[in-house]
Every structure is written in C-alpha cells, then in structure tokens.
file data_34.cif (mmCIF, C-alpha atoms)
data_protein
loop_
_atom_site.label_atom_id
_atom_site.label_comp_id
_atom_site.auth_asym_id
_atom_site.auth_seq_id
_atom_site.Cartn_x
_atom_site.Cartn_y
_atom_site.Cartn_z
CA MET A 1 1.59 42.28 11.34
CA THR A 2 3.20 42.14 7.90
CA THR A 3 0.82 41.28 5.13
CA VAL A 4 0.80 38.50 2.57
CA PRO A 5 0.44 39.46 -1.11
CA LEU A 6 -3.01 38.49 -2.37
CA SER A 7 -1.44 36.82 -5.41
CA HIS A 8 0.50 34.38 -3.18
CA ALA A 9 -2.65 33.30 -1.35
CA LEU A 10 -4.58 32.89 -4.61
CA LEU A 11 -1.66 30.99 -6.12
CA LEU A 12 -1.64 28.59 -3.16
CA SER A 13 -5.35 27.99 -3.65
CA GLY A 14 -4.75 27.42 -7.38
CA VAL A 15 -1.99 24.88 -6.67
CA LEU A 16 -4.16 22.99 -4.17
CA PHE A 17 -7.08 23.03 -6.62
CA ALA A 18 -4.87 21.63 -9.40
CA ILE A 19 -3.61 18.85 -7.09
CA GLY A 20 -7.18 17.94 -6.17
CA LEU A 21 -8.26 18.06 -9.82
CA SER A 22 -5.52 15.67 -10.95
CA GLY A 23 -6.50 13.38 -8.07
CA VAL A 24 -10.18 13.38 -9.08
CA ILE A 25 -9.27 12.63 -12.70
CA THR A 26 -6.72 9.94 -11.97
CA ARG A 27 -7.80 7.91 -8.95
CA ARG A 28 -9.99 4.83 -9.32
CA ASN A 29 -10.64 4.21 -5.64
CA MET A 30 -13.94 5.94 -4.74
CA ILE A 31 -12.75 7.03 -1.29
CA LEU A 32 -9.68 8.72 -2.74
CA VAL A 33 -11.79 10.48 -5.38
CA LEU A 34 -13.95 11.93 -2.57
CA LEU A 35 -10.80 12.88 -0.70
CA SER A 36 -9.43 14.76 -3.73
CA ALA A 37 -12.77 16.56 -4.07
CA GLU A 38 -12.33 17.71 -0.45
CA ILE A 39 -8.95 19.23 -1.39
CA MET A 40 -10.61 21.11 -4.25
CA LEU A 41 -13.42 22.46 -2.04
CA ASN A 42 -10.89 23.54 0.56
CA ALA A 43 -8.85 25.35 -2.10
CA ALA A 44 -11.96 27.22 -3.27
CA GLY A 45 -12.64 28.24 0.33
CA LEU A 46 -9.08 29.49 0.66
CA ALA A 47 -9.58 31.75 -2.36
CA PHE A 48 -12.75 33.18 -0.75
CA VAL A 49 -11.03 33.85 2.57
CA ALA A 50 -8.04 35.48 0.84
CA ALA A 51 -10.33 37.76 -1.16
CA GLY A 52 -12.30 38.62 1.99
CA SER A 53 -9.08 39.50 3.74
CA ARG A 54 -8.11 41.79 0.85
CA TRP A 55 -11.10 44.09 1.57
CA LEU A 56 -11.22 43.40 5.35
CA ALA A 57 -14.77 42.13 4.85
CA PRO A 58 -16.36 39.15 6.68
CA ASP A 59 -18.18 38.00 3.53
CA GLY A 60 -15.33 35.76 2.36
CA GLN A 61 -15.31 33.91 5.66
CA ILE A 62 -19.10 33.48 5.46
CA MET A 63 -18.76 31.94 2.00
CA PHE A 64 -16.22 29.55 3.52
CA LEU A 65 -18.83 28.55 6.12
CA PHE A 66 -21.32 27.73 3.36
CA ILE A 67 -18.66 25.73 1.49
CA LEU A 68 -18.00 23.87 4.75
CA ALA A 69 -21.69 22.96 5.07
CA ALA A 70 -21.84 21.81 1.44
CA ALA A 71 -18.65 19.75 1.89
CA ALA A 72 -20.03 18.07 5.01
CA VAL A 73 -23.24 17.08 3.20
CA GLU A 74 -21.33 15.96 0.10
CA VAL A 75 -18.95 13.75 2.06
CA SER A 76 -21.69 12.11 4.15
CA ILE A 77 -23.80 11.27 1.09
CA GLY A 78 -20.70 10.21 -0.84
CA LEU A 79 -19.49 7.86 1.87
CA ALA A 80 -22.98 6.37 2.26
CA LEU A 81 -22.93 5.67 -1.50
CA VAL A 82 -19.43 4.17 -1.22
CA LEU A 83 -20.54 1.82 1.58
CA ARG A 84 -23.61 0.74 -0.39
CA GLN A 85 -21.65 0.24 -3.58
CA SER A 86 -18.97 -1.81 -1.86
CA HIS A 87 -21.74 -4.03 -0.43
CA LEU A 88 -23.37 -4.53 -3.83
CA ALA A 89 -20.38 -4.72 -6.17
CA LYS A 90 -17.75 -5.90 -3.62
CA SER A 91 -15.39 -3.35 -5.11
CA LEU A 92 -14.32 0.24 -4.59
CA ASP A 93 -13.67 0.75 -8.31
CA ILE A 94 -15.36 3.95 -9.48
CA ASP A 95 -16.05 2.30 -12.87
CA ALA A 96 -18.26 -0.25 -11.11
CA ALA A 97 -20.56 2.62 -10.07
CA GLY A 98 -21.86 2.61 -13.67
CA SER A 99 -23.97 -0.42 -12.74
CA MET A 100 -25.71 1.45 -9.91
CA LYS A 101 -29.51 1.65 -10.25
CA GLY A 102 -32.25 3.43 -8.31
CA MET B 1 4.29 36.48 9.20
CA ASN B 2 5.18 36.04 5.57
CA ILE B 3 7.69 33.31 6.48
CA LEU B 4 4.91 31.59 8.43
CA PHE B 5 2.66 31.79 5.35
CA CYS B 6 5.31 30.38 3.02
CA ALA B 7 6.20 27.51 5.36
CA ALA B 8 2.55 26.58 5.87
CA ALA B 9 1.89 26.80 2.12
CA ALA B 10 4.84 24.52 1.34
CA ILE B 11 3.67 21.93 3.89
CA ALA B 12 0.11 22.13 2.52
CA ILE B 13 1.24 21.54 -1.07
CA VAL B 14 3.60 18.67 -0.23
CA SER B 15 1.11 16.87 2.00
CA SER B 16 -1.73 17.34 -0.51
CA ILE B 17 0.41 15.76 -3.24
CA ALA B 18 1.20 12.91 -0.86
CA ALA B 19 -2.50 12.55 0.01
CA VAL B 20 -3.67 12.13 -3.60
CA SER B 21 -0.83 9.78 -4.56
CA ARG B 22 -0.72 7.28 -1.66
CA ASN B 23 -1.87 3.73 -2.25
CA HIS B 24 -2.86 3.13 1.35
CA ALA B 25 -6.16 4.93 2.12
CA ILE B 26 -5.37 5.54 5.81
CA HIS B 27 -2.01 7.09 4.91
CA ALA B 28 -3.75 9.37 2.41
CA ILE B 29 -6.19 10.53 5.09
CA LEU B 30 -3.44 11.22 7.61
CA PHE B 31 -1.55 13.28 5.02
CA LEU B 32 -4.75 15.19 4.30
CA VAL B 33 -5.12 16.01 8.00
CA VAL B 34 -1.62 17.53 7.91
CA SER B 35 -2.62 19.49 4.82
CA PHE B 36 -5.77 20.86 6.48
CA VAL B 37 -3.90 21.88 9.63
CA SER B 38 -1.36 23.81 7.55
CA VAL B 39 -4.14 25.46 5.50
CA SER B 40 -5.63 26.47 8.85
CA LEU B 41 -2.33 28.21 9.65
CA VAL B 42 -2.59 29.98 6.28
CA PHE B 43 -6.06 31.21 7.28
CA TYR B 44 -4.60 32.53 10.50
CA THR B 45 -1.91 34.50 8.65
CA LEU B 46 -4.61 35.87 6.32
CA GLY B 47 -6.39 37.35 9.35
CA ALA B 48 -9.25 34.86 9.70
CA PRO B 49 -8.77 33.25 13.14
CA PHE B 50 -12.39 32.05 13.34
CA ILE B 51 -12.08 30.16 10.04
CA ALA B 52 -8.70 28.77 11.13
CA ALA B 53 -10.37 27.22 14.19
CA LEU B 54 -13.29 25.90 12.12
CA GLU B 55 -10.90 24.34 9.61
CA VAL B 56 -9.26 22.29 12.34
CA ILE B 57 -12.51 21.38 14.10
CA THR B 58 -14.65 20.57 11.07
CA TYR B 59 -12.34 19.57 8.23
CA ALA B 60 -9.39 18.02 10.07
CA GLY B 61 -11.65 16.75 12.85
CA ALA B 62 -15.16 15.81 11.82
CA ILE B 63 -14.89 15.15 8.08
CA MET B 64 -11.66 13.18 8.34
CA VAL B 65 -13.12 11.09 11.18
CA LEU B 66 -16.03 10.32 8.85
CA PHE B 67 -13.56 9.08 6.20
CA MET B 68 -11.78 7.05 8.87
CA PHE B 69 -15.05 5.40 9.96
CA ALA B 70 -15.95 4.57 6.36
CA ILE B 71 -12.60 2.91 5.77
CA MET B 72 -12.88 0.94 9.00
CA LEU B 73 -16.41 -0.20 8.05
CA LEU B 74 -15.16 -1.34 4.65
CA ASN B 75 -12.59 -3.55 6.42
CA LEU B 76 -9.93 -3.24 3.72
CA GLY B 77 -7.30 -5.94 4.08
CA ALA B 78 -3.64 -6.02 3.10
CA HIS B 79 -4.61 -6.92 -0.47
CA ALA B 80 -6.22 -3.48 -0.90
CA VAL B 81 -2.83 -1.77 -1.22
CA HIS B 82 -1.68 -4.32 -3.79
CA ARG B 83 -4.89 -3.88 -5.84
CA GLU B 84 -4.54 -0.11 -5.62
CA ARG B 85 -1.03 -0.41 -7.07
CA GLN B 86 -2.42 -2.47 -9.97
CA TRP B 87 -5.15 0.11 -10.60
CA GLN B 88 -2.83 3.05 -10.48
CA PRO B 89 0.32 2.64 -12.59
CA ARG B 90 2.53 5.72 -12.55
CA ILE B 91 1.90 6.47 -16.24
CA VAL B 92 -1.76 7.47 -15.69
CA TRP B 93 -0.59 10.52 -13.75
CA ILE B 94 0.98 12.08 -16.86
CA GLY B 95 -2.24 13.12 -18.62
CA SER B 96 -4.04 14.51 -15.59
CA GLY B 97 -0.84 16.13 -14.33
CA LEU B 98 -0.34 17.96 -17.63
CA LEU B 99 -3.97 19.08 -17.67
CA SER B 100 -3.70 20.43 -14.13
CA LEU B 101 -0.40 22.13 -14.90
CA VAL B 102 -1.95 23.98 -17.85
CA LEU B 103 -4.79 25.15 -15.59
CA LEU B 104 -2.29 26.16 -12.93
CA ALA B 105 -0.15 28.08 -15.41
CA GLU B 106 -3.18 30.06 -16.56
CA LEU B 107 -4.15 30.84 -12.97
CA ALA B 108 -0.60 31.84 -12.07
CA TRP B 109 -0.36 34.14 -15.08
CA THR B 110 -3.63 35.84 -14.11
CA PHE B 111 -2.81 36.18 -10.41
CA SER B 112 0.75 37.41 -10.89
CA ARG B 113 -0.45 40.63 -12.51
CA ASN B 114 -2.36 41.57 -9.38
CA GLY B 115 -0.25 43.56 -6.92
CA ALA B 116 -2.83 43.78 -4.13
CA GLN B 117 -1.98 42.97 -0.51
CA THR B 118 -4.22 41.14 1.91
CA GLY B 119 -5.58 43.05 4.87
CA ASN B 120 -3.27 44.08 7.70
CA LEU B 121 -5.95 43.49 10.35
CA PRO B 122 -7.73 40.27 11.29
CA VAL B 123 -11.50 40.21 10.74
CA PRO B 124 -12.88 39.46 14.25
CA PRO B 125 -15.27 36.52 14.76
CA ALA B 126 -17.90 38.89 16.20
CA GLN B 127 -18.12 40.73 12.88
CA VAL B 128 -18.40 37.43 11.00
CA GLY B 129 -21.20 36.29 13.29
CA LEU B 130 -23.13 39.54 12.99
CA THR B 131 -22.96 39.46 9.19
CA LEU B 132 -23.77 35.75 9.08
CA PHE B 133 -26.96 36.11 11.12
CA GLY B 134 -27.84 39.48 9.58
CA THR B 135 -27.25 39.82 5.86
CA TYR B 136 -26.85 36.10 5.22
CA LEU B 137 -29.66 34.78 7.43
CA LEU B 138 -31.46 33.27 4.44
CA GLY B 139 -28.27 31.44 3.47
CA VAL B 140 -28.01 29.99 6.99
CA GLU B 141 -31.56 28.67 6.74
CA LEU B 142 -30.86 27.19 3.31
CA ALA B 143 -27.70 25.54 4.66
CA SER B 144 -29.76 23.99 7.46
CA MET B 145 -32.22 22.61 4.89
CA LEU B 146 -29.27 21.22 2.91
CA LEU B 147 -27.89 19.52 6.01
CA LEU B 148 -31.32 18.04 6.77
CA ALA B 149 -31.58 16.72 3.21
CA GLY B 150 -28.10 15.24 3.58
CA LEU B 151 -29.11 13.55 6.84
CA VAL B 152 -32.20 12.00 5.30
CA GLY B 153 -30.28 10.96 2.18
CA ALA B 154 -27.45 9.36 4.14
CA TYR B 155 -29.98 7.48 6.29
CA TYR B 156 -31.82 6.21 3.22
CA LEU B 157 -28.64 5.12 1.47
CA GLY B 158 -27.23 3.53 4.61
CA LYS B 159 -30.40 1.47 5.20
CA ARG B 160 -30.27 -2.11 3.95
CA SER B 161 -32.45 -2.44 0.84
CA GLY B 162 -35.99 -3.83 1.39
CA ALA B 163 -36.03 -7.45 0.20
CA SER B 164 -32.79 -8.62 1.74
CA VAL B 165 -33.24 -7.04 5.17
CA ASN B 166 -33.79 -10.29 7.10
CA THR B 167 -31.15 -12.42 5.40
CA LYS B 168 -28.57 -9.66 5.62
CA GLY B 169 -29.45 -8.97 9.23
CA ALA B 170 -29.05 -12.64 10.19
CA SER B 171 -25.51 -12.83 8.80
CA ASP B 172 -24.49 -9.51 10.20
CA ASP B 173 -22.09 -11.00 12.74
CA ASP B 174 -19.73 -12.17 10.01
CA GLY B 175 -18.90 -8.57 9.16
CA PRO B 176 -18.55 -7.29 5.60
CA ALA B 177 -17.36 -10.00 3.27
#
call {"tool": "encode", "arguments": {"input": "data_34.cif", "output": "structure tokens"}}
result
Amino acid sequence: MTTVPLSHALLLSGVLFAIGLSGVITRRNMILVLLSAEIMLNAAGLAFVAAGSRWLAPDGQIMFLFILAAAAVEVSIGLALVLRQSHLAKSLDIDAAGSMKG
Amino acid sequence: MNILFCAAAAIAIVSSIAAVSRNHAIHAILFLVVSFVSVSLVFYTLGAPFIAALEVITYAGAIMVLFMFAIMLLNLGAHAVHRERQWQPRIVWIGSGLLSLVLLAELAWTFSRNGAQTGNLPVPPAQVGLTLFGTYLLGVELASMLLLAGLVGAYYLGKRSGASVNTKGASDDDGPA
C-alpha cells in the first residue's frame, strides 16, 4: 500500500472548505446555505482523519464521529427552521430570516 | 493507491463546486452525494475503512435523504429555479471566491512545507471502537445528549404554533401554499 502525502490530504480538505465557505457567503437560498455548511464540516472531518492516519492513531476517526453527530443535529434543526420559515414568510430567502421571532 | 486518491480528490472538488453553484436544489443535492462518495474513497485510501463506510451510510445516505425530504415538503415549483437565477447573478461569486482563494492560498502555503506521509497501515475498526468506548466514553455520552436536544428541538420547531393549530390543521389537505 503506497502512502499519500499528508500535505495532499490536508490540501484537499482546504479546497473543500474554501468551496463550502464561498457557498455559505454567496448563496441566498437557505437550503443551499445548509448544504454548503455540510461541505465545510465534511472538509474539517477529512483533515482530522488525515492527521489521525499520519500517526496511525484512532483519535482522528473518533473526532470525525463527533463531527458526524454534530452535523446530523445541525442539519435536522436547520431544516426544521427552514420549513417553519418557509411557512411563515413564504420564502426561502435567508434575508427574510431576520424577521424571525421567538 | 495515490492515483486512486488523486482521482477521488478531483471528483470531490468538481462535484462540490457544482453542488454550491447549481440553481436547482435537487441537482445540488445529487452532486453533493457524488462528492461525499468520492470523499469516502479518499478516507479509504487514507486507511480509515470504518469512516469510509460511515461517510456513505450517514452523510450520503441519511443526511442527504433529510435534505431531499425537506425539499419535497417545501414543494418547490418550476419558478424556484427562475427565482434562484434572479437571486444569484454570476457577479456575486467574485467577492466570496476571492476571499476563499486567499484563505486557500494561505492553507496551501502552510501545508506544502510539511513533508510528512500518511500511515501505511489502515487503522482497524476494532481499535476505533475500543478507543471510542474507552478514552472517549464521556464524549459519546455528550454526543447522545446533543442528539436528544436536537430531537426535542426539531420536534418543537416542526410543531405548528399554538394559536393557529386548528385552522392550519383544517386546511392541511391543500398542501403548502
């Protein structure tokens, strides 16, 4: 099994993180903002797994599991908010979320 | 194995760019599934087969199905793509793209000075499990509390708000307006 340089794996995670970041900044559709946040979380997990693989330690993979749990909670709450907001404001515009109360 | 890594990385980058730039939400989600499957292949080449399986099951499976359900519940029509195009002229990508590129350049400069190699052996799932339920047991419990809080929060947010329960419930057959 030939190995992958650690810098390549970290660079891939950096590229994915930058793509997700530009998506979060740019998109106005709430669903696509959540989707870009998923890309960013996944990229952070990739960096953890790559670093864990560097020292042959399971800790990086365990951090990925915790990120997975946090991402699952984040996306379920986020989508519940999106559904509620689209009922109230009849729009998926993230700017309309400024009127959200309570 | 390195060719496998590079191919999977290229597919992941291209499909992630496609996912954040599509106007049609379902297309974006399908591109993101492709991206997650290729990242799962990257995990496999990095010697984390357990995480590769979890990536496909949880991210590409469960979380994307959740997105799919949300979009189906919202009942977006054909006008949604048109409105998305109005919201998102190409010029708005310039600022955020430049900002991300600066961040990426900094990261690339930092990483490129590191000559380390990733491990030449996979970390077996048994070792991950033993460490997870040994050293990190408290973290597992905290994660379960977080998931419970998420469940309660999603239930509360998904519930129709108090005053309009009956009127909303009566007109439920019409579907979301």
call {"tool": "residues_around", "arguments": {"input": "data_34.cif", "residues": "Leu79 of chain A", "least_positions_apart": "6", "cutoff": "10 Å", "atoms": "all atoms listed in the file", "output": "PyMOL selection string"}}
result
(chain A and resi 30-31+34+85) or (chain B and resi 66-67+69-71+154+157-158)
call {"tool": "interface_residues", "arguments": {"input": "data_34.cif", "of": "chain B", "to": "chain A", "cutoff": "6 Å", "atoms": "all atoms listed in the file", "output": "ChimeraX atom specification"}}
result
/B:1-2,20,96-97,100,111-112,116-120,128,147,150,154,157-158
call {"tool": "resolve_selection", "arguments": {"input": "data_34.cif", "expression": "the PyMOL selection byres ((chain B and resi 51-64) around 7)", "output": "ChimeraX atom specification"}}
result
/A:61,72 /B:29,33,36-37,40-41,43-44,48-50,65-68
call {"tool": "write_last_selection", "arguments": {"input": "data_34.cif", "atoms": "C-alpha atoms", "output": "mmCIF file, in the frame of the given file"}}
result
data_model
loop_
_atom_site.group_PDB
_atom_site.id
_atom_site.type_symbol
_atom_site.label_atom_id
_atom_site.label_comp_id
_atom_site.auth_asym_id
_atom_site.auth_seq_id
_atom_site.Cartn_x
_atom_site.Cartn_y
_atom_site.Cartn_z
ATOM 1 C CA GLN A 61 -15.310 33.910 5.660
ATOM 2 C CA ALA A 72 -20.030 18.070 5.010
ATOM 3 C CA ILE B 29 -6.190 10.530 5.090
ATOM 4 C CA VAL B 33 -5.120 16.010 8.000
ATOM 5 C CA PHE B 36 -5.770 20.860 6.480
ATOM 6 C CA VAL B 37 -3.900 21.880 9.630
ATOM 7 C CA SER B 40 -5.630 26.470 8.850
ATOM 8 C CA LEU B 41 -2.330 28.210 9.650
ATOM 9 C CA PHE B 43 -6.060 31.210 7.280
ATOM 10 C CA TYR B 44 -4.600 32.530 10.500
ATOM 11 C CA ALA B 48 -9.250 34.860 9.700
ATOM 12 C CA PRO B 49 -8.770 33.250 13.140
ATOM 13 C CA PHE B 50 -12.390 32.050 13.340
ATOM 14 C CA VAL B 65 -13.120 11.090 11.180
ATOM 15 C CA LEU B 66 -16.030 10.320 8.850
ATOM 16 C CA PHE B 67 -13.560 9.080 6.200
ATOM 17 C CA MET B 68 -11.780 7.050 8.870
#
call {"tool": "atom_distance", "arguments": {"input": "data_34.cif", "atom1": "atom CA of Leu76 of chain B", "atom2": "atom CA of Ala25 of chain B"}}
result
9.1 Å
call {"tool": "residues_around", "arguments": {"input": "data_34.cif", "residues": "Val81 of chain B", "least_positions_apart": "6", "cutoff": "10 Å", "atoms": "all atoms listed in the file", "output": "ChimeraX atom specification"}}
result
/B:22-25,87
call {"tool": "atom_distance", "arguments": {"input": "data_34.cif", "atom1": "atom CA of Ile26 of chain B", "atom2": "atom CA of Leu88 of chain A"}}
result
22.8 Å
call {"tool": "atom_distance", "arguments": {"input": "data_34.cif", "atom1": "atom CA of Leu98 of chain B", "atom2": "atom CA of Ala18 of chain B"}}
result
17.6 Å
call {"tool": "decode", "arguments": {"input": "data_34.cif", "residues": "segment 115-148 of chain B", "atoms": "C-alpha atoms", "output": "CSV table (one decimal), in the first residue's frame"}}
result
chain,number,residue,atom,x,y,z
B,115,GLY,CA,6.8,16.6,4.1
B,116,ALA,CA,5.0,14.0,6.3
B,117,GLN,CA,3.4,10.9,4.8
B,118,THR,CA,0.1,9.4,6.0
B,119,GLY,CA,0.2,6.0,7.6
B,120,ASN,CA,1.0,2.9,5.5
B,121,LEU,CA,-1.4,0.8,7.5
B,122,PRO,CA,-5.2,1.1,7.9
B,123,VAL,CA,-6.5,1.8,11.5
B,124,PRO,CA,-8.8,-1.2,12.1
B,125,PRO,CA,-12.4,-0.5,13.2
B,126,ALA,CA,-11.9,-2.6,16.3
B,127,GLN,CA,-9.2,-0.2,17.6
B,128,VAL,CA,-11.5,2.8,16.8
B,129,GLY,CA,-14.3,1.2,18.8
B,130,LEU,CA,-12.2,0.3,21.8
B,131,THR,CA,-10.8,3.9,22.0
B,132,LEU,CA,-14.3,5.4,21.4
B,133,PHE,CA,-15.9,3.5,24.3
B,134,GLY,CA,-12.8,3.7,26.5
B,135,THR,CA,-11.0,7.0,26.4
B,136,TYR,CA,-13.8,8.9,24.8
B,137,LEU,CA,-16.8,7.5,26.7
B,138,LEU,CA,-17.7,10.9,28.1
B,139,GLY,CA,-17.7,12.3,24.6
B,140,VAL,CA,-20.1,9.6,23.5
B,141,GLU,CA,-22.5,10.4,26.3
B,142,LEU,CA,-22.3,14.1,25.5
B,143,ALA,CA,-23.0,13.3,21.8
B,144,SER,CA,-26.1,11.3,22.9
B,145,MET,CA,-27.3,14.3,24.9
B,146,LEU,CA,-26.7,16.6,21.9
B,147,LEU,CA,-28.7,14.2,19.7
B,148,LEU,CA,-31.5,14.2,22.3
